[in-house]
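Below: one structure, written as C-alpha cells.
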Amino acid sequence: MTLQNLLDRLPQNPIVTKELRRRMRGPRAFLLLVAYLVFLSLNISLIYLAFTLSTDEFSNIAERQRSMGKTIFGMVVLMELNLVTLISPALTAGAIAAERERQTFDLLYSTLLKPLALVSGKMTAALSFILLLIIAAMPLQSIAFLVGGVELPEVIIALIILIVSAMAFTAIGLFFSSFIRRTLVATVTSYVTSIVILFFVPFLLFVLSLFVDIMAFPLRNDTVMMIVVDYASYTIGWILVSMNPLVAALATELMILDNRNIFFTTLSIGNGYDFPVIAPWISYSVFFSLFSLVLIGLSVFFVNRIDQ
Amino acid sequence: MSTIIEIKNLVKFYGRRKAVDGLNLSVEEGDIFGFVGPNGAGKTSTIRIMATLLQASRGDILVAGHSVQRAPQQVRRVIGYMPDFFGVYNDLLVWEYLDFFAACYNIPSAKRAALIDDLLELVDLTHRRSDAVEQLSRGMKQRLSLARALIHDPQVLVLDEPASGLDPRARVEIRELLIELAKMGKTIFFSTHILADVQEICTRVGIIEGGRLVIAGALEELQQQTLPHRQISLTLLGRVAEAQALLQSTAGIQSVEILPANGDNGRTRLQIQFVGSDEALSAILAALVNAQVPVIRFDEETCDLETVFMRATKGLVT
C-alpha cells in the first residue's frame with residue numbers, strides 16, 4: 001500500500017487541508033519558524049556561555065551540567081508556553097469571523113459540511129501549526145538531555161501542558177470567532193479573556209486565600225477551625241496553581257524535585273495534618289481539557305445557528 | 001414537466017419589517033426562471049431561505065420535494081447556490097478552490113481531478129487552472145463561482161444577481177453559460193436587475209414587489225396580462241381610407257391611428273389597438289387582403305420586459 005493510498009483512507013476534513021494550504025503558502029510561516037528557532041538557539045547559547053564562564057558556583061562538573069540542562073529545558077518550555085498562549089488565540093480568533101467577513105461562510109454553510117467539521121477543522125489546523133513549532137523546538141530541548149539533569153517524565157509532562165494549553169487557547173479564539181462577526185473584535189476579546197484567565201483569575205484566588213487567612217486570624221486558638229481554614233486556603237492555592245500553565249509547570253517541577261512522584265504529593269497544613277493532592281499538571285490538564293471541550297461545543301452551537 | 005421549486009405562502013420578518021409577504025410561486029423542471037424586482041423587494045431574502053441560509057418566519061419552500069425547513073441537508077444536495085458576492089479565497093489556486101468545495105460535498109478525492117477539469121472547461125478557465133484566485137478578473141471569478149455551484153452536479157441552480165457588476169462581455173459570457181446549463185437539464189432560478197438578460201434567456205419570469213409576487217409566467221403571458229390591448233402596426237402602399245373604414249368596422253378593434261409618414265416613399269403606417277385572439281387577428285389580415293388593400297407589413301408590436309416591469313410594479317419598497 002502506497003503512502004497516498006494510506007492517506008486517502010484516512011478521514012479527511014477539507015477545512016484542515018484548505019487552512020494548511022493557506023497558512024503554509026508564502027514565506028510567512030517559514031519566517032516565523034526560523035525567527036522562533038533562532039531566538040531559542042540564541043537563548044540556549046547565552047545560557048551555555050553563562051554556565052561555562054561561571055565555574056566557581058558549582059562544586060563539580062556533573063552538578064554544573066545538571067543545572068545547565070535543567071535551565072536550558074526550563075527556558076525552552078517557558079518560551080514555548082509563552083508562544084502557545086500568545087499565538088493560539090490569534091490563530092483561531094479570525095477563523096470563523098474571517099469567513100463571515102470574506103463572505104465565504106454562506107458558501108460553506110450551503111454545502112454538506114457539518115458545523116462540527118468546520119469547527120474541528122479550524123481547530124486542528126491551528127493546533128497543527130502550534131505542534132509544528134513545538135516539534136521544531138524539540139532538537140533544542142534535547143540539548144538538555146545531552147548535558148543531563150532532565151528526565152523523560154519531565155519532558156512528557158511539559159509536552160502535555162503545552163498541548164493542553166494550545167488546545168485551551170485556540171478554543172478561546174474559536175469560541176469568540178464563532179459568534180462575533182468582526183475578526184478584530186474577536187481577536188481583542190480572545191486576548192482579553194486569555195489575559196484574565198492567565199493573570200486575573202489566579203490573582204483573584206491569591207487575594208481570596210489571603211482574605212481567608214486574615215478572616216481566620218481571630219480563630220487561631222481553635223485547632224479544628226484552623227485546620228478547616230488552612231485546608232480551605234491550600235485548596236484555593238491548589239486551584240490557583242492549576243489555573244495557570246506556567247505555575248502548574250513550575251509547581252510540578254518542584255514536586256518532582258521534592259518527592260520524585262509525578263502523580264501525587266502531600267501538603268502539610270500544620271498541627272501534623274497532611275492531605276494528599278494530585279499533581280498540578282494533572283489538575284491543570286483535566287480542567288483545561290474540559291474547558292476546551294465546552295468551548296468547542298459552544299462554538300459548534302453558534303456556527304450551527306441559522307440566521308433568523 | 002414537474003414542479004421542482006415550490007414556494008408556499010412564504011413570509012419573512014426582520015424585526016417588525018416584512019420583507020417577504022405570503023409569496024407563492026412554482027418553478028418547473030428545466031425552466032430558466034428570472035426573479036425580477038426592485039431593490040428591497042424580497043428577492044435575496046427568498047433566495048437565502050431557498051439556500052437554507054435564512055430561517056423563514058412562516059411558510060416553506062420545497063426544492064425537488066425537500067423542505068428547506070425540515071430537510072435542509074437534502075436541499076443542499078440538490079441546489080447549487082451562487083450569492084451576489086464572489087466569496088472566494090484569494091490565496092488559493094483555482095483548482096484548489098474547486099477541490100476544497102468538492103471535498104465539502106463529500107466527493108471522493110479520486111474523482112475530483114477529472115471533475116475539476118470538466119468544470120474549468122465548461123466555464124472556460126482551463127488555462128487559469130493553476131493561477132491564484134486573486135489574479136482572476138471579476139468576470140472570471142464569477143465564472144469560477146458558477147463552477148463551484150456546479151461542483152456536486154445539482155438539479156437546481158439558485159443564483160443571486162449573477163451578472164451584477166460585470167462588464168458587457170462578462171455578462172454575455174455568463175448568459176451563454178446559463179443557456180448551456182439549461183441545455184444540460186439544469187433548472188435555473190436567478191434574480192437580477194438586468195431586464196435585458198431576463199428577456200434574452202428566461203423561459204419564465206416572476207416579478208416581485210413589496211415582498212409579494214406581482215405577476216409570473218412566460219414573457220408573452222406577462223405582456224398579455226399587463227397590456228390592456230394588443231398593438232398592431234400596418235404598412236400600406238395605398239387604399240388607406242378603405243383600409244381604415246374596414247378596420248373601424250371590425251369587432252375587437254378599439255382604435256385606428258394613421259402615423260406620420262416616414263419619408264416620401266408612398267407608404268402609409270397605421271397603428272391599431274385590438275382586443276381579441278390570434279385567430280381574430282388573422283381574420284383581420286385576411287379581410288384586408290381580400291379587400292385588395294396593398295399590405296406590405298402586418299406586425300404585432302411586442303412590449304419589452306421593461307414595459308411589463310414598469311406596468312406591473314408601483315415602486316414599492318418593503
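So you can find residues: chains in the C-alpha cells are A, B, ... in the order shown, residues in each start at 1, and ligands are numbered from 1 in order.
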
Using only C-alpha atoms, I'd like a table of the residues in chain A that come within 9 Å of chain B; for each, show the closest atom pair and its distance in Å rounded to one decimal, ordered by chain and ascending number, as CSV.
residue,atom,partner,partner_atom,distance
A:Asp8,CA,B:Ser109,CA,7.6
A:Gln12,CA,B:Ala103,CA,8.5
A:Asn13,CA,B:Ala103,CA,7.9
A:Pro14,CA,B:Ala103,CA,5.7
A:Ile15,CA,B:Phe100,CA,7.7
A:Thr17,CA,B:Phe100,CA,7.9
A:Lys18,CA,B:Phe100,CA,6.6
A:Arg21,CA,B:Leu92,CA,7.7
A:Arg22,CA,B:Asp91,CA,6.4
A:Arg25,CA,B:Asp91,CA,8.3
A:Glu99,CA,B:Gly87,CA,8.9
A:Arg102,CA,B:Gly87,CA,6.3
A:Gln103,CA,B:Gly87,CA,5.1
A:Thr104,CA,B:Gly87,CA,4.7
A:Phe105,CA,B:Gly87,CA,8.3
A:Asp106,CA,B:Leu53,CA,6.8
A:Leu107,CA,B:Gly87,CA,7.2
A:Leu108,CA,B:Cys104,CA,7.6
A:Tyr109,CA,B:Leu53,CA,7.1
A:Ser110,CA,B:Arg76,CA,6.0
A:Thr111,CA,B:Tyr105,CA,6.0
A:Leu112,CA,B:Tyr105,CA,5.2
A:Leu113,CA,B:Cys104,CA,5.2
A:Lys114,CA,B:Cys104,CA,8.9
A:Ile306,CA,B:Leu54,CA,6.0
A:Asp307,CA,B:Leu54,CA,5.0
A:Gln308,CA,B:Gln55,CA,5.2

Could you pull out the alpha helix (DSSP H) residues of region 94-262 of chain A from DSSP and send them as a ChimeraX atom specification?
/A:97-101,105-109,115-136,138-141,143-147,152-179,183-195,201-216,223-243,245-259

How would the residues just picked look written out with C-alpha atoms as a tab-separated table (two decimals), in the first residue's frame?
chain	number	residue	atom	x	y	z
A	97	ALA	CA	-15.23	35.61	11.80
A	98	ALA	CA	-12.98	36.00	8.74
A	99	GLU	CA	-15.14	33.52	6.81
A	100	ARG	CA	-18.07	35.81	7.55
A	101	GLU	CA	-16.10	38.94	6.63
A	105	PHE	CA	-19.33	31.48	5.42
A	106	ASP	CA	-22.61	31.28	3.47
A	107	LEU	CA	-20.88	29.21	0.81
A	108	LEU	CA	-19.61	26.77	3.42
A	109	TYR	CA	-22.96	26.67	5.17
A	115	PRO	CA	-20.68	22.62	11.74
A	116	LEU	CA	-18.62	20.19	13.85
A	117	ALA	CA	-16.34	19.52	10.86
A	118	LEU	CA	-15.92	23.26	10.31
A	119	VAL	CA	-15.04	23.94	13.97
A	120	SER	CA	-12.83	20.87	14.41
A	121	GLY	CA	-11.10	21.57	11.09
A	122	LYS	CA	-10.25	25.12	12.12
A	123	MET	CA	-9.03	23.88	15.50
A	124	THR	CA	-6.96	21.04	14.03
A	125	ALA	CA	-5.32	23.36	11.51
A	126	ALA	CA	-4.36	25.85	14.25
A	127	LEU	CA	-3.10	23.07	16.54
A	128	SER	CA	-1.09	21.53	13.69
A	129	PHE	CA	0.83	24.75	13.27
A	130	ILE	CA	1.49	25.06	17.00
A	131	LEU	CA	2.54	21.42	17.08
A	132	LEU	CA	4.96	22.15	14.25
A	133	LEU	CA	6.55	24.90	16.38
A	134	ILE	CA	6.76	22.59	19.41
A	135	ILE	CA	8.23	19.70	17.40
A	136	ALA	CA	10.68	22.03	15.65
A	138	MET	CA	12.47	19.51	20.24
A	139	PRO	CA	16.06	19.18	18.97
A	140	LEU	CA	16.89	22.29	21.01
A	141	GLN	CA	15.09	20.82	24.02
A	143	ILE	CA	20.30	19.50	24.31
A	144	ALA	CA	19.18	19.30	27.94
A	145	PHE	CA	19.31	15.50	27.63
A	146	LEU	CA	22.85	15.64	26.32
A	147	VAL	CA	24.11	17.68	29.25
A	152	LEU	CA	11.86	11.67	30.31
A	153	PRO	CA	8.76	12.13	32.58
A	154	GLU	CA	9.56	15.83	32.83
A	155	VAL	CA	9.70	16.12	29.04
A	156	ILE	CA	6.40	14.26	28.63
A	157	ILE	CA	4.68	16.37	31.31
A	158	ALA	CA	5.95	19.56	29.65
A	159	LEU	CA	4.62	18.32	26.31
A	160	ILE	CA	1.19	17.55	27.83
A	161	ILE	CA	0.99	21.01	29.44
A	162	LEU	CA	1.98	22.60	26.12
A	163	ILE	CA	-0.60	20.66	24.11
A	164	VAL	CA	-3.40	21.25	26.63
A	165	SER	CA	-2.52	24.96	26.71
A	166	ALA	CA	-2.54	25.11	22.91
A	167	MET	CA	-5.97	23.41	22.87
A	168	ALA	CA	-7.42	25.72	25.50
A	169	PHE	CA	-6.18	28.96	23.99
A	170	THR	CA	-7.13	28.02	20.41
A	171	ALA	CA	-10.57	27.04	21.75
A	172	ILE	CA	-10.91	30.50	23.33
A	173	GLY	CA	-10.17	32.16	19.96
A	174	LEU	CA	-12.53	29.81	18.15
A	175	PHE	CA	-15.33	30.39	20.63
A	176	PHE	CA	-15.29	34.16	20.18
A	177	SER	CA	-14.86	33.79	16.44
A	178	SER	CA	-18.00	31.65	16.24
A	179	PHE	CA	-20.39	34.42	17.25
A	183	THR	CA	-12.14	39.46	13.26
A	184	LEU	CA	-10.60	42.42	15.09
A	185	VAL	CA	-13.23	42.40	17.83
A	186	ALA	CA	-12.97	38.59	18.17
A	187	THR	CA	-9.16	38.82	18.43
A	188	VAL	CA	-9.21	41.55	21.08
A	189	THR	CA	-11.90	39.71	23.08
A	190	SER	CA	-9.91	36.46	22.89
A	191	TYR	CA	-6.74	38.13	24.16
A	192	VAL	CA	-8.55	39.92	26.97
A	193	THR	CA	-10.11	36.60	28.03
A	194	SER	CA	-6.74	34.82	27.84
A	195	ILE	CA	-5.12	37.51	29.97
A	201	VAL	CA	-8.21	34.64	37.96
A	202	PRO	CA	-5.03	33.42	39.76
A	203	PHE	CA	-4.63	36.90	41.28
A	204	LEU	CA	-8.22	36.82	42.47
A	205	LEU	CA	-7.70	33.40	44.02
A	206	PHE	CA	-4.49	34.63	45.67
A	207	VAL	CA	-6.34	37.59	47.16
A	208	LEU	CA	-9.11	35.23	48.28
A	209	SER	CA	-6.64	32.94	50.08
A	210	LEU	CA	-5.09	35.97	51.84
A	211	PHE	CA	-8.57	37.11	52.78
A	212	VAL	CA	-9.36	33.66	54.25
A	213	ASP	CA	-6.14	33.83	56.31
A	214	ILE	CA	-6.91	37.32	57.61
A	215	MET	CA	-10.50	36.46	58.43
A	216	ALA	CA	-9.34	33.33	60.26
A	223	THR	CA	-7.44	24.00	66.40
A	224	VAL	CA	-10.30	22.42	64.43
A	225	MET	CA	-11.30	25.72	62.81
A	226	MET	CA	-7.67	26.45	61.94
A	227	ILE	CA	-7.40	23.08	60.18
A	228	VAL	CA	-10.55	23.91	58.17
A	229	VAL	CA	-9.21	27.36	57.33
A	230	ASP	CA	-5.80	26.00	56.36
A	231	TYR	CA	-7.46	23.33	54.27
A	232	ALA	CA	-9.57	25.99	52.51
A	233	SER	CA	-6.51	28.22	51.84
A	234	TYR	CA	-4.49	25.31	50.46
A	235	THR	CA	-7.39	24.21	48.25
A	236	ILE	CA	-7.71	27.73	46.85
A	237	GLY	CA	-3.96	27.79	46.37
A	238	TRP	CA	-4.06	24.46	44.58
A	239	ILE	CA	-6.80	25.67	42.23
A	240	LEU	CA	-4.66	28.78	41.64
A	241	VAL	CA	-1.73	26.56	40.70
A	242	SER	CA	-3.98	24.57	38.36
A	243	MET	CA	-5.26	27.67	36.57
A	245	PRO	CA	0.18	26.73	32.73
A	246	LEU	CA	3.42	28.30	33.87
A	247	VAL	CA	2.64	27.98	37.57
A	248	ALA	CA	1.40	24.41	37.07
A	249	ALA	CA	4.64	23.51	35.24
A	250	LEU	CA	6.83	25.11	37.92
A	251	ALA	CA	4.85	23.55	40.80
A	252	THR	CA	5.11	20.14	39.12
A	253	GLU	CA	8.87	20.52	38.72
A	254	LEU	CA	9.22	21.46	42.40
A	255	MET	CA	7.06	18.48	43.34
A	256	ILE	CA	9.24	16.12	41.29
A	257	LEU	CA	12.41	17.55	42.88
A	258	ASP	CA	10.84	17.26	46.32
A	259	ASN	CA	9.36	13.76	46.39

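When DSSP reads the backbone of this structure, the residues of region 56-206 of chain B it assigns to strand (DSSP E or B) are Arg58, Gly59, Asp60, Ile61, Leu62, Val63, His66, Ser67, Ile79, Gly80, Tyr81, Met82, Leu93, Ala132, Val156, Leu157, Val158, Leu159, Asp160, Thr187, Ile188, Phe189, Phe190, Ser191, Thr192, Arg204, Val205 and Gly206 of chain B.
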
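When CA of Pro280 (chain A) is paired with CA of Thr265 (chain A), their separation reads 9.5 Å.
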
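The spacing separating CA of Pro168 (chain B) from CA of Leu122 (chain B) amounts to 19.7 Å.
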
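CA of Gln231 (chain B) sits 18.8 Å away from CA of Ala218 (chain B).
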
Excluding same-chain residues fewer than 2 positions from Arg204 (chain B), what lies within 12 Å of it counting only C-alpha atoms, as a VMD selection string?
chain B and resid 25 to 36 187 to 190 198 to 202 206 to 207 215 to 222 305

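In terms of minimum interatomic distance to Asn39 (chain B), B:Glu209 ranks closest within B:Thr268, B:Glu209, B:Glu279, B:Asp21, counting only C-alpha atoms.
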
Could you check which of B:Leu144, B:Ile4, B:Leu236, B:Leu62 is closest to Gly266 (chain B), using only C-alpha atoms?
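Checking each candidate against Gly266 (chain B), we get B:Leu236 as the closest.
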